Amino acid sequence: MFHKKEFQAAFKVSIPVMMGYGVLGFAFGLLITSLDYAWYIALLMSIFIYAGALQFLAVGFFSAKLGLVDIFITSIFVNIRQSFYGLSVLKKFKKSGRLKPYLIFGLTDETYALLTTIKEDEQLKSKYYYFYLTALNQSYWVTGTVFGTIFGSMVEFDTNGLDFSLTALFVVLAIEQYKASKNFTPFVIGAIASILAFILVPLNNMLIFAIVSAIIGMFIFKKRLDKNV
Amino acid sequence: MSEYELLLAIAFMTAANFITRVFPFLFFAKKEPPKIIAFVANSFPPIIMTILIFYTLGKIDFTVAPYGTKELLAIIITALLHIKFNNYLVSIFMGTIFYMLLVQFIVLS
């Protein structure tokens, strides 16, 4: 069963994601091999986790030997924004039948953005269109990752400083968040929680401590956060 | 981490990630989410991005020269590029290359 029209439409809107995921996936594969992890670790992560920021961050979890509970809780909070995405596509996915689990699994930032901003052609069967769009996007991510690992294991070069790509990714995402909310309060809360965590606990527990104190901070400053939302 | 631990960690991240994606479909397909859930889902993302910026800089020693100036410079460059060109690939790649050049070739004291 192949739905050509839906595939072509999905392919067309997915081209910008091809560039983005291809390059970022490549960087991820490169980063994994530069730290001497096996190539299939990167591949498994891109197939099963399929979440850019979390995968980059995982590299830090591995080298810090973070415990599984910490990894689990941190992962939830890193990706909690995705729950918000689901809320706004509940209706769209309602009639997607057995394709639905995959559509939910593949609901990344970019796929969500395409699903909610691109106007749909009424002649297309939307569930197949959504499916092809989601699957194409993941295929770019996985392909980029594989090329990154191949390149990383074949070409020798000084990768010192490559891990800054992770910091840069979060800087960019933070700026995007600011554009959406125009509110400085969350950034101040995040910064104070992080600095407190750096001072009070060892680096291994820093992330979880910062998350918990930031949540407490969120409720203390609830009024300021609700402003301009 | 041993290979077994790595695979286990990947399994936990896979589960956690899927939970964040499937959560609204499980609980709020028929009824509206409570305000507190909407508040956390809405307000937490900028907070966690800020925390993650700090977290990724955790290994930098700010008490010895060059006191984290390279990281700060690279962050400023990345942010300026992003504000100017609004293209996340340009910002991330130019920022990272700038940082790699700084740490590999330039000594700040």
# chains A, B, ... in the order shown; residues from 1 in each chain; ligands from 1

$ interface_residues --of "chain B" --to "chain A" --cutoff "7 Å" --atoms "only C-alpha atoms" --output "VMD selection string"
chain B and resid 1 9 to 10 12 to 14 16 to 18 20 to 25 29 41 43 45 to 56 58 75 78 to 79 82 88 to 89 92 95 to 96 99 to 100 103 to 104

$ select_by_dssp --residues "range 91-220 of chain A" --states "helix (DSSP H, G or I)" --output "ChimeraX atom specification"
/A:97-105,109-117,126-154,164-181,185-200,203-220

$ atom_distance --atom1 "CA of Leu7 in chain B" --atom2 "CA of Thr143 in chain A"
20.6 Å

$ residues_around --residues "Leu124 in chain A" --least-positions-apart "2" --cutoff "12 Å" --atoms "only C-alpha atoms" --output "list in words"
His3, Lys4, Lys5, Glu6, Phe7, Gln8, Ala9, Ala10, Lys119, Glu120, Asp121, Glu122, Ser126, Lys127, Tyr128, Tyr129, Tyr130 and Tyr132 of chain A

$ decode --residues "range 58-73 of chain B" --atoms "C-alpha atoms" --output "PDB file, in the first residue's frame"
ATOM      1  CA  GLY B  58      29.490  22.270  34.185  1.00  0.00           C
ATOM      2  CA  LYS B  59      33.000  21.047  33.517  1.00  0.00           C
ATOM      3  CA  ILE B  60      34.405  24.522  32.964  1.00  0.00           C
ATOM      4  CA  ASP B  61      36.484  25.818  35.861  1.00  0.00           C
ATOM      5  CA  PHE B  62      35.536  29.457  36.314  1.00  0.00           C
ATOM      6  CA  THR B  63      38.190  30.001  38.986  1.00  0.00           C
ATOM      7  CA  VAL B  64      41.250  29.576  36.734  1.00  0.00           C
ATOM      8  CA  ALA B  65      42.291  31.524  33.618  1.00  0.00           C
ATOM      9  CA  PRO B  66      40.680  32.110  31.164  1.00  0.00           C
ATOM     10  CA  TYR B  67      37.716  31.992  33.608  1.00  0.00           C
ATOM     11  CA  GLY B  68      35.204  30.686  31.091  1.00  0.00           C
ATOM     12  CA  THR B  69      35.701  33.653  28.742  1.00  0.00           C
ATOM     13  CA  LYS B  70      35.947  31.351  25.697  1.00  0.00           C
ATOM     14  CA  GLU B  71      32.586  29.780  26.483  1.00  0.00           C
ATOM     15  CA  LEU B  72      31.026  33.165  27.145  1.00  0.00           C
ATOM     16  CA  LEU B  73      32.375  34.562  23.860  1.00  0.00           C
TER      17      LEU B  73
END
